[in-house]
file data23.cif (mmCIF, C-alpha atoms)
data_run
loop_
_atom_site.group_PDB
_atom_site.id
_atom_site.type_symbol
_atom_site.label_atom_id
_atom_site.label_comp_id
_atom_site.auth_asym_id
_atom_site.auth_seq_id
_atom_site.Cartn_x
_atom_site.Cartn_y
_atom_site.Cartn_z
ATOM 1 C CA MET W 1 11.084 -17.915 -2.976
ATOM 2 C CA THR W 2 12.493 -20.296 -0.447
ATOM 3 C CA SER W 3 10.858 -23.096 1.424
ATOM 4 C CA LEU W 4 7.854 -22.658 3.633
ATOM 5 C CA ILE W 5 9.327 -25.013 6.160
ATOM 6 C CA ASN W 6 12.106 -23.620 8.249
ATOM 7 C CA PRO W 7 15.051 -26.019 8.362
ATOM 8 C CA SER W 8 15.263 -25.604 12.118
ATOM 9 C CA VAL W 9 11.754 -27.006 12.562
ATOM 10 C CA VAL W 10 11.766 -30.794 12.487
ATOM 11 C CA THR W 11 9.289 -33.523 13.124
ATOM 12 C CA GLU W 12 10.508 -36.021 15.612
ATOM 13 C CA PRO W 13 9.116 -39.330 16.755
ATOM 14 C CA ALA W 14 6.925 -39.118 19.828
ATOM 15 C CA THR W 15 8.861 -41.774 21.745
ATOM 16 C CA HIS W 16 11.659 -39.680 23.131
ATOM 17 C CA THR W 17 9.930 -36.286 23.046
ATOM 18 C CA THR W 18 7.740 -36.998 26.054
ATOM 19 C CA GLN W 19 10.636 -36.504 28.413
ATOM 20 C CA ALA W 20 12.260 -33.635 26.612
ATOM 21 C CA HIS W 21 9.187 -31.511 25.994
ATOM 22 C CA GLY W 22 6.864 -32.397 28.810
ATOM 23 C CA PRO W 23 3.750 -34.500 28.984
ATOM 24 C CA GLN W 24 1.660 -32.316 26.596
ATOM 25 C CA THR W 25 3.642 -33.429 23.560
ATOM 26 C CA LEU W 26 1.502 -35.275 21.030
ATOM 27 C CA ALA W 27 2.630 -37.928 18.608
ATOM 28 C CA GLY W 28 3.554 -36.472 15.230
ATOM 29 C CA GLU W 29 3.619 -32.924 16.542
ATOM 30 C CA VAL W 30 5.977 -30.518 14.778
ATOM 31 C CA HIS W 31 8.276 -28.873 17.267
ATOM 32 C CA TRP W 32 9.699 -25.436 17.375
ATOM 33 C CA ARG W 33 13.350 -26.077 17.961
ATOM 34 C CA GLY W 34 14.335 -22.531 18.655
ATOM 35 C CA GLY W 35 15.170 -21.460 15.118
ATOM 36 C CA ILE W 36 16.016 -17.803 15.585
ATOM 37 C CA SER W 37 14.946 -16.381 12.248
ATOM 38 C CA PRO W 38 11.777 -18.044 10.971
ATOM 39 C CA PHE W 39 11.100 -15.302 8.433
ATOM 40 C CA GLY W 40 14.723 -14.915 7.406
ATOM 41 C CA ILE W 41 14.724 -11.130 7.860
ATOM 42 C CA SER W 42 16.020 -8.681 10.462
ATOM 43 C CA TRP W 43 13.793 -7.898 13.442
ATOM 44 C CA GLN W 44 13.558 -4.289 12.272
ATOM 45 C CA LYS W 45 12.144 -5.389 8.955
ATOM 46 C CA LEU W 46 9.752 -7.811 10.644
ATOM 47 C CA MET W 47 8.487 -5.025 12.906
ATOM 48 C CA MET W 48 8.061 -2.781 9.864
ATOM 49 C CA TRP W 49 5.954 -5.512 8.226
ATOM 50 C CA PHE W 50 3.836 -5.875 11.384
ATOM 51 C CA PHE W 51 3.284 -2.133 11.393
ATOM 52 C CA LEU W 52 2.405 -2.104 7.685
ATOM 53 C CA VAL W 53 -0.130 -4.911 8.127
ATOM 54 C CA SER W 54 -1.874 -3.039 10.956
ATOM 55 C CA ASP W 55 -1.738 0.209 9.009
ATOM 56 C CA ALA W 56 -3.178 -1.552 5.941
ATOM 57 C CA LEU W 57 -6.112 -2.673 8.071
ATOM 58 C CA LEU W 58 -6.720 0.920 9.167
ATOM 59 C CA PHE W 59 -7.185 1.918 5.526
ATOM 60 C CA ALA W 60 -9.173 -1.255 4.810
ATOM 61 C CA GLY W 61 -11.508 -0.166 7.614
ATOM 62 C CA PHE W 62 -11.877 3.297 6.101
ATOM 63 C CA LEU W 63 -12.569 1.966 2.621
ATOM 64 C CA ALA W 64 -15.030 -0.674 3.870
ATOM 65 C CA ALA W 65 -16.922 1.977 5.858
ATOM 66 C CA TYR W 66 -16.916 4.173 2.764
ATOM 67 C CA GLY W 67 -18.239 1.292 0.634
ATOM 68 C CA PHE W 68 -21.022 0.656 3.150
ATOM 69 C CA VAL W 69 -22.137 4.286 3.330
ATOM 70 C CA ARG W 70 -21.927 4.735 -0.422
ATOM 71 C CA LEU W 71 -24.122 1.699 -1.100
ATOM 72 C CA ALA W 72 -26.607 2.714 1.605
ATOM 73 C CA ALA W 73 -26.819 6.316 0.327
ATOM 74 C CA PRO W 74 -29.737 7.135 -1.997
ATOM 75 C CA ALA W 75 -27.343 8.806 -4.468
ATOM 76 C CA TRP W 76 -23.649 9.519 -4.759
ATOM 77 C CA PRO W 77 -21.964 12.461 -6.506
ATOM 78 C CA ASP W 78 -20.282 11.760 -9.845
ATOM 79 C CA GLN W 79 -16.587 11.960 -8.932
ATOM 80 C CA GLY W 80 -15.700 12.998 -12.489
ATOM 81 C CA GLU W 81 -17.662 16.226 -11.932
ATOM 82 C CA VAL W 82 -16.242 16.971 -8.483
ATOM 83 C CA PHE W 83 -12.581 16.073 -8.986
ATOM 84 C CA PRO W 84 -10.376 17.180 -11.866
ATOM 85 C CA MET W 85 -9.378 13.699 -13.079
ATOM 86 C CA LEU W 86 -6.299 14.990 -14.901
ATOM 87 C CA LYS W 87 -4.910 16.303 -11.620
ATOM 88 C CA ILE W 88 -5.675 13.038 -9.821
ATOM 89 C CA ALA W 89 -3.937 11.168 -12.673
ATOM 90 C CA ALA W 90 -0.913 13.463 -12.285
ATOM 91 C CA MET W 91 -0.834 12.751 -8.520
ATOM 92 C CA THR W 92 -0.908 9.027 -9.263
ATOM 93 C CA PHE W 93 1.892 9.421 -11.807
ATOM 94 C CA VAL W 94 4.041 11.316 -9.289
ATOM 95 C CA LEU W 95 3.500 8.729 -6.546
ATOM 96 C CA ILE W 96 4.221 5.734 -8.824
ATOM 97 C CA THR W 97 7.353 7.449 -10.111
ATOM 98 C CA SER W 98 8.495 8.184 -6.562
ATOM 99 C CA SER W 99 8.040 4.492 -5.760
ATOM 100 C CA ALA W 100 10.300 3.597 -8.698
ATOM 101 C CA THR W 101 12.977 6.067 -7.555
ATOM 102 C CA MET W 102 12.673 4.601 -4.038
ATOM 103 C CA ALA W 103 13.172 1.080 -5.402
ATOM 104 C CA THR W 104 16.241 2.368 -7.265
ATOM 105 C CA ALA W 105 17.546 3.899 -4.014
ATOM 106 C CA VAL W 106 17.100 0.580 -2.180
ATOM 107 C CA GLY W 107 18.785 -1.274 -5.055
ATOM 108 C CA ALA W 108 21.712 1.165 -4.955
ATOM 109 C CA ALA W 109 21.980 0.799 -1.163
ATOM 110 C CA HIS W 110 22.188 -2.991 -1.563
ATOM 111 C CA ARG W 111 25.039 -2.520 -4.033
ATOM 112 C CA ASN W 112 26.729 -0.229 -1.486
ATOM 113 C CA ASP W 113 26.415 2.654 -3.937
ATOM 114 C CA LEU W 114 25.506 5.054 -1.128
ATOM 115 C CA ARG W 115 25.849 8.192 -3.198
ATOM 116 C CA ARG W 116 23.220 7.014 -5.664
ATOM 117 C CA ALA W 117 21.090 5.714 -2.780
ATOM 118 C CA MET W 118 21.096 9.151 -1.184
ATOM 119 C CA THR W 119 20.310 10.950 -4.447
ATOM 120 C CA PHE W 120 17.368 8.698 -5.227
ATOM 121 C CA THR W 121 16.067 8.852 -1.652
ATOM 122 C CA LEU W 122 16.014 12.640 -1.941
ATOM 123 C CA LEU W 123 14.323 12.416 -5.358
ATOM 124 C CA THR W 124 11.663 10.227 -3.746
ATOM 125 C CA ALA W 125 11.141 12.796 -0.984
ATOM 126 C CA LEU W 126 10.802 15.456 -3.684
ATOM 127 C CA GLY W 127 8.131 13.338 -5.384
ATOM 128 C CA GLY W 128 6.325 13.157 -2.038
ATOM 129 C CA LEU W 129 6.440 16.948 -1.720
ATOM 130 C CA VAL W 130 5.026 17.401 -5.237
ATOM 131 C CA PHE W 131 2.218 14.968 -4.359
ATOM 132 C CA LEU W 132 1.473 16.929 -1.170
ATOM 133 C CA GLY W 133 1.422 20.148 -3.191
ATOM 134 C CA PHE W 134 -1.200 18.681 -5.524
ATOM 135 C CA GLN W 135 -3.196 17.482 -2.559
ATOM 136 C CA ALA W 136 -3.057 20.827 -0.738
ATOM 137 C CA ASN W 137 -4.307 22.429 -3.950
ATOM 138 C CA GLU W 138 -7.111 19.872 -4.241
ATOM 139 C CA TRP W 139 -8.220 20.424 -0.637
ATOM 140 C CA TYR W 140 -8.079 24.200 -1.089
ATOM 141 C CA THR W 141 -10.253 24.015 -4.215
ATOM 142 C CA LEU W 142 -12.843 21.756 -2.594
ATOM 143 C CA ILE W 143 -12.980 23.767 0.619
ATOM 144 C CA SER W 144 -13.483 27.010 -1.302
ATOM 145 C CA GLU W 145 -16.302 25.322 -3.202
ATOM 146 C CA GLY W 146 -17.992 24.707 0.163
ATOM 147 C CA ALA W 147 -16.943 21.141 1.058
ATOM 148 C CA ARG W 148 -16.707 20.491 4.805
ATOM 149 C CA LEU W 149 -16.452 17.377 6.983
ATOM 150 C CA THR W 150 -20.193 17.539 7.684
ATOM 151 C CA HIS W 151 -21.694 18.882 4.461
ATOM 152 C CA ASN W 152 -20.934 19.709 0.833
ATOM 153 C CA PRO W 153 -22.655 21.205 -2.208
ATOM 154 C CA TRP W 154 -22.892 17.870 -4.075
ATOM 155 C CA GLY W 155 -25.408 16.000 -1.945
ATOM 156 C CA VAL W 156 -24.633 13.235 0.554
ATOM 157 C CA PRO W 157 -22.789 14.824 3.518
ATOM 158 C CA ALA W 158 -20.677 11.686 4.043
ATOM 159 C CA PHE W 159 -19.087 12.175 0.618
ATOM 160 C CA SER W 160 -16.860 15.059 1.689
ATOM 161 C CA GLY W 161 -16.439 13.546 5.166
ATOM 162 C CA PHE W 162 -14.918 10.405 3.681
ATOM 163 C CA PHE W 163 -12.908 12.454 1.218
ATOM 164 C CA PHE W 164 -11.212 14.499 3.942
ATOM 165 C CA MET W 165 -10.744 11.512 6.273
ATOM 166 C CA ILE W 166 -9.287 9.112 3.722
ATOM 167 C CA THR W 167 -7.112 11.513 1.723
ATOM 168 C CA GLY W 168 -6.172 13.274 4.961
ATOM 169 C CA PHE W 169 -4.897 10.091 6.576
ATOM 170 C CA HIS W 170 -3.074 9.133 3.380
ATOM 171 C CA GLY W 171 -1.576 12.622 2.991
ATOM 172 C CA THR W 172 -0.355 12.479 6.600
ATOM 173 C CA HIS W 173 1.371 9.202 5.761
ATOM 174 C CA VAL W 174 3.031 10.871 2.761
ATOM 175 C CA LEU W 175 4.153 13.792 4.952
ATOM 176 C CA ILE W 176 5.632 11.423 7.549
ATOM 177 C CA GLY W 177 7.295 9.531 4.665
ATOM 178 C CA VAL W 178 8.901 12.721 3.328
ATOM 179 C CA VAL W 179 10.347 13.498 6.774
ATOM 180 C CA LEU W 180 11.498 9.884 7.172
ATOM 181 C CA LEU W 181 13.194 9.912 3.750
ATOM 182 C CA ALA W 182 14.944 13.207 4.477
ATOM 183 C CA VAL W 183 16.236 11.779 7.784
ATOM 184 C CA VAL W 184 17.389 8.559 6.081
ATOM 185 C CA ALA W 185 19.163 10.499 3.293
ATOM 186 C CA PHE W 186 20.931 12.593 5.926
ATOM 187 C CA ARG W 187 21.904 9.501 7.917
ATOM 188 C CA VAL W 188 23.247 7.794 4.786
ATOM 189 C CA LYS W 189 25.294 10.875 3.963
ATOM 190 C CA SER W 190 26.773 11.039 7.459
ATOM 191 C CA GLY W 191 27.449 7.293 7.463
ATOM 192 C CA ARG W 192 25.037 6.539 10.315
ATOM 193 C CA THR W 193 22.875 4.127 8.340
ATOM 194 C CA HIS W 194 23.490 1.784 5.460
ATOM 195 C CA SER W 195 21.336 -0.325 3.204
ATOM 196 C CA ALA W 196 19.039 -1.602 6.004
ATOM 197 C CA GLY W 197 17.843 1.912 6.878
ATOM 198 C CA VAL W 198 17.116 2.748 3.250
ATOM 199 C CA GLU W 199 15.273 -0.533 2.795
ATOM 200 C CA LEU W 200 12.994 0.063 5.813
ATOM 201 C CA ALA W 201 12.131 3.579 4.643
ATOM 202 C CA GLY W 202 11.552 2.075 1.204
ATOM 203 C CA LEU W 203 9.071 -0.483 2.526
ATOM 204 C CA TYR W 204 7.093 2.302 4.206
ATOM 205 C CA TRP W 205 7.157 4.458 1.072
ATOM 206 C CA HIS W 206 5.975 1.645 -1.223
ATOM 207 C CA PHE W 207 3.185 0.973 1.251
ATOM 208 C CA VAL W 208 2.038 4.587 0.962
ATOM 209 C CA ASP W 209 1.969 4.109 -2.821
ATOM 210 C CA LEU W 210 0.095 0.819 -2.390
ATOM 211 C CA VAL W 211 -2.588 2.482 -0.266
ATOM 212 C CA TRP W 212 -2.986 5.181 -2.924
ATOM 213 C CA VAL W 213 -3.687 2.467 -5.528
ATOM 214 C CA PHE W 214 -6.692 1.382 -3.455
ATOM 215 C CA ILE W 215 -7.882 4.921 -2.689
ATOM 216 C CA PHE W 216 -7.489 5.968 -6.332
ATOM 217 C CA THR W 217 -9.570 2.991 -7.489
ATOM 218 C CA CYS W 218 -12.240 2.879 -4.792
ATOM 219 C CA PHE W 219 -12.717 6.560 -4.096
ATOM 220 C CA TYR W 220 -11.949 8.350 -7.356
ATOM 221 C CA LEU W 221 -12.753 5.856 -10.115
ATOM 222 C CA ILE W 222 -15.445 3.366 -9.093
ATOM 223 C CA MET V 1 18.467 -10.162 0.410
ATOM 224 C CA GLU V 2 20.985 -12.028 -1.695
ATOM 225 C CA GLN V 3 19.712 -11.164 -5.153
ATOM 226 C CA HIS V 4 20.340 -7.836 -6.784
ATOM 227 C CA THR V 5 17.260 -6.901 -8.735
ATOM 228 C CA SER V 6 18.420 -4.919 -11.746
ATOM 229 C CA TYR V 7 17.377 -1.280 -11.916
ATOM 230 C CA ARG V 8 15.727 -2.115 -15.223
ATOM 231 C CA THR V 9 13.237 -4.393 -13.434
ATOM 232 C CA TYR V 10 12.079 -1.507 -11.246
ATOM 233 C CA TRP V 11 11.518 0.762 -14.217
ATOM 234 C CA LEU V 12 9.698 -2.020 -16.074
ATOM 235 C CA ALA V 13 7.407 -2.320 -13.047
ATOM 236 C CA TRP V 14 6.996 1.466 -13.168
ATOM 237 C CA GLY V 15 5.981 1.283 -16.843
ATOM 238 C CA LEU V 16 3.508 -1.494 -16.102
ATOM 239 C CA LEU V 17 1.955 0.493 -13.243
ATOM 240 C CA LEU V 18 1.574 3.565 -15.443
ATOM 241 C CA ALA V 19 0.066 1.531 -18.271
ATOM 242 C CA LEU V 20 -2.474 0.030 -15.846
ATOM 243 C CA THR V 21 -3.304 3.505 -14.535
ATOM 244 C CA VAL V 22 -4.028 4.666 -18.100
ATOM 245 C CA VAL V 23 -6.247 1.598 -18.657
ATOM 246 C CA MET V 24 -8.146 2.472 -15.458
ATOM 247 C CA LEU V 25 -8.642 6.104 -16.429
ATOM 248 C CA VAL V 26 -9.872 5.104 -19.892
ATOM 249 C CA THR V 27 -12.241 2.537 -18.347
ATOM 250 C CA GLU V 28 -13.641 5.216 -16.043
ATOM 251 C CA ARG V 29 -14.141 7.635 -18.948
ATOM 252 C CA PHE V 30 -15.968 5.188 -21.254
ATOM 253 C CA ARG V 31 -18.131 3.322 -18.755
ATOM 254 C CA LEU V 32 -19.326 0.233 -20.641
ATOM 255 C CA SER V 33 -21.597 -1.119 -17.926
ATOM 256 C CA ALA V 34 -21.365 -0.742 -14.169
ATOM 257 C CA ALA V 35 -20.388 -4.385 -13.612
ATOM 258 C CA MET V 36 -17.794 -4.399 -16.411
ATOM 259 C CA THR V 37 -16.244 -1.123 -15.208
ATOM 260 C CA ILE V 38 -15.955 -2.321 -11.618
ATOM 261 C CA LEU V 39 -14.548 -5.670 -12.749
ATOM 262 C CA ILE V 40 -11.815 -4.065 -14.881
ATOM 263 C CA LEU V 41 -10.971 -1.464 -12.221
ATOM 264 C CA VAL V 42 -10.730 -3.977 -9.365
ATOM 265 C CA ALA V 43 -8.676 -6.401 -11.488
ATOM 266 C CA ALA V 44 -6.261 -3.621 -12.495
ATOM 267 C CA MET V 45 -6.069 -2.474 -8.858
ATOM 268 C CA LEU V 46 -5.131 -5.971 -7.667
ATOM 269 C CA VAL V 47 -2.494 -6.372 -10.401
ATOM 270 C CA LYS V 48 -1.005 -3.004 -9.409
ATOM 271 C CA ALA V 49 -0.966 -4.031 -5.739
ATOM 272 C CA THR V 50 0.800 -7.286 -6.695
ATOM 273 C CA VAL V 51 3.439 -5.444 -8.730
ATOM 274 C CA ILE V 52 4.128 -2.999 -5.882
ATOM 275 C CA GLY V 53 4.216 -5.753 -3.244
ATOM 276 C CA GLY V 54 6.172 -8.255 -5.305
ATOM 277 C CA TRP V 55 8.723 -6.109 -7.098
ATOM 278 C CA PHE V 56 9.023 -2.859 -5.160
ATOM 279 C CA MET V 57 8.574 -4.340 -1.672
ATOM 280 C CA HIS V 58 10.645 -7.406 -2.629
ATOM 281 C CA LEU V 59 8.078 -9.954 -1.477
ATOM 282 C CA ARG V 60 9.114 -12.096 -4.471
ATOM 283 C CA TYR V 61 12.421 -12.726 -2.755
ATOM 284 C CA GLU V 62 11.224 -13.226 0.804
ATOM 285 C CA ARG V 63 10.494 -16.551 2.464
ATOM 286 C CA MET V 64 7.051 -17.971 1.819
ATOM 287 C CA ALA V 65 6.410 -17.853 5.596
ATOM 288 C CA LEU V 66 6.645 -14.053 5.575
ATOM 289 C CA VAL V 67 4.696 -13.666 2.317
ATOM 290 C CA LEU V 68 1.824 -15.779 3.608
ATOM 291 C CA SER V 69 1.742 -14.105 7.041
ATOM 292 C CA VAL V 70 1.659 -10.641 5.536
ATOM 293 C CA VAL V 71 -0.480 -11.130 2.439
ATOM 294 C CA LEU V 72 -2.987 -13.742 3.602
ATOM 295 C CA GLY V 73 -3.580 -12.066 6.962
ATOM 296 C CA THR V 74 -4.241 -8.676 5.415
ATOM 297 C CA LEU V 75 -6.295 -9.999 2.498
ATOM 298 C CA ALA V 76 -8.457 -12.237 4.686
ATOM 299 C CA THR V 77 -9.218 -9.500 7.221
ATOM 300 C CA GLY V 78 -9.791 -6.912 4.498
ATOM 301 C CA ALA V 79 -12.056 -9.240 2.537
ATOM 302 C CA ALA V 80 -14.021 -10.122 5.692
ATOM 303 C CA LEU V 81 -14.586 -6.419 6.387
ATOM 304 C CA PHE V 82 -15.943 -5.824 2.889
ATOM 305 C CA LEU V 83 -17.988 -9.007 2.695
ATOM 306 C CA LEU V 84 -19.644 -8.280 6.044
ATOM 307 C CA LEU V 85 -20.380 -4.615 5.365
ATOM 308 C CA ILE V 86 -21.326 -4.524 1.666
ATOM 309 C CA PRO V 87 -24.528 -6.643 1.904
ATOM 310 C CA ASP V 88 -25.628 -4.505 4.867
ATOM 311 C CA GLY V 89 -25.063 -1.370 2.812
ATOM 312 C CA ILE V 90 -27.304 -2.737 0.066
ATOM 313 C CA SER V 91 -30.030 -3.691 2.587
ATOM 314 C CA MET V 92 -29.874 -0.213 4.091
ATOM 315 C CA TYR V 93 -30.390 1.261 0.625
ATOM 316 C CA HIS V 94 -33.477 -0.887 0.014
ATOM 317 C CA LEU V 95 -34.867 -0.183 3.501
ATOM 318 C CA ALA V 96 -34.665 3.558 2.878
ATOM 319 C CA GLN V 97 -36.558 3.340 -0.419
#
call {"tool": "encode", "arguments": {"input": "data23.cif", "output": "structure tokens"}}
result
Amino acid sequence: MTSLINPSVVTEPATHTTQAHGPQTLAGEVHWRGGISPFGISWQKLMMWFFLVSDALLFAGFLAAYGFVRLAAPAWPDQGEVFPMLKIAAMTFVLITSSATMATAVGAAHRNDLRRAMTFTLLTALGGLVFLGFQANEWYTLISEGARLTHNPWGVPAFSGFFFMITGFHGTHVLIGVVLLAVVAFRVKSGRTHSAGVELAGLYWHFVDLVWVFIFTCFYLI
Amino acid sequence: MEQHTSYRTYWLAWGLLLALTVVMLVTERFRLSAAMTILILVAAMLVKATVIGGWFMHLRYERMALVLSVVLGTLATGAALFLLLIPDGISMYHLAQ
């Protein structure tokens, strides 16, 4: 990791800053001297990080609301009886593996090995599809057992409401990721994007995996 | 990014993530006590998040300015959400009894 202090930001004595920076300048103030890349990354990557932070807070909001309702509820269904844990473990395995193939794709793109980058991007998309298949199956099973947004056979109505909301939002992110990865693989193949495109898609994909880590722990295990 | 992380590093991270997942599933199966289970699960969850953020999302190699903006901002807001809502959830439970 490099320094916290950008080299283009310098402290200057207050004596000759008054003229240059206007009367508001205070003694000892650190000035922004117009360094053009404070984070040392491309603007596309910075925007992706901004998006990921806001998206992370969306899921944090969901999980905090879920935590509140669960604690306030008189009882909560035993997840081990509602969900087949082996299937959830398999979903987790698939998503973690797809994150590793994505990291390999990004690594290959950085080495300019575009063929390998494309292959591993497609493998990642395939992992996403397998995950979605598992999830569709899980939703189908629960819906046929009588789970709805407003009620379910296991007690607290909010239980299935939160289940569909949280896994639904996450699944939508996976679906968007699969489309994004397919587009990126196609663009790499046709020479329209290089390592930067793969890296941005990779950041998004790892984020989807990261969110699943929290959902898996908070919703399925605890 | 100047450094080339070796492919091996990614697959080591993958192995670590899987191992932690197994630990979590085992913890859930053999619940020792509620507090112990939650402690182990949350600790494993945070380690997993660090591995994904640090190795897969390359935060290890980014400038500290970016790391702090992204991680501290998200963690602080997320923690505030939980810390404000959780005590209220517990009070609601006791009020309903």
call {"tool": "resolve_selection", "arguments": {"input": "data23.cif", "expression": "the PyMOL selection byres ((chain W) within 7 of (chain V))", "output": "count of residues only"}}
result
32
call {"tool": "atom_distance", "arguments": {"input": "data23.cif", "atom1": "atom CA of W:Phe219", "atom2": "atom CA of W:Val156"}}
result
14.4 Å
call {"tool": "atom_distance", "arguments": {"input": "data23.cif", "atom1": "atom CA of W:Ala185", "atom2": "atom CA of W:Leu122"}}
result
6.5 Å
call {"tool": "atom_distance", "arguments": {"input": "data23.cif", "atom1": "atom CA of W:Arg33", "atom2": "atom CA of W:Phe51"}}
result
26.8 Å
call {"tool": "resolve_selection", "arguments": {"input": "data23.cif", "expression": "the PyMOL selection byres ((chain W and resi 133-140) around 9)", "output": "list of chain:residue names"}}
result
W:Phe83, W:Pro84, W:Lys87, W:Ile88, W:Ala90, W:Met91, W:Gly128, W:Leu129, W:Val130, W:Phe131, W:Leu132, W:Thr141, W:Leu142, W:Ile143, W:Ser144, W:Glu145, W:Ala147, W:Phe164, W:Thr167, W:Gly171
call {"tool": "residues_around", "arguments": {"input": "data23.cif", "residues": "stretch 149-151 of chain W", "least_positions_apart": "2", "cutoff": "6 Å", "atoms": "all atoms listed in the file", "output": "VMD selection string"}}
result
chain W and resid 157 160 to 161
call {"tool": "residues_near_point", "arguments": {"input": "data23.cif", "point": "(16.5, 2.4, 0.9)", "cutoff": "8 Å", "atoms": "all atoms listed in the file", "output": "CSV table (one decimal) with C-alpha atoms, keeping the file's coordinate frame"}}
result
chain,number,residue,atom,x,y,z
W,102,MET,CA,12.7,4.6,-4.0
W,103,ALA,CA,13.2,1.1,-5.4
W,105,ALA,CA,17.5,3.9,-4.0
W,106,VAL,CA,17.1,0.6,-2.2
W,107,GLY,CA,18.8,-1.3,-5.1
W,108,ALA,CA,21.7,1.2,-5.0
W,109,ALA,CA,22.0,0.8,-1.2
W,117,ALA,CA,21.1,5.7,-2.8
W,121,THR,CA,16.1,8.9,-1.7
W,195,SER,CA,21.3,-0.3,3.2
W,196,ALA,CA,19.0,-1.6,6.0
W,197,GLY,CA,17.8,1.9,6.9
W,198,VAL,CA,17.1,2.7,3.2
W,199,GLU,CA,15.3,-0.5,2.8
W,200,LEU,CA,13.0,0.1,5.8
W,201,ALA,CA,12.1,3.6,4.6
W,202,GLY,CA,11.6,2.1,1.2
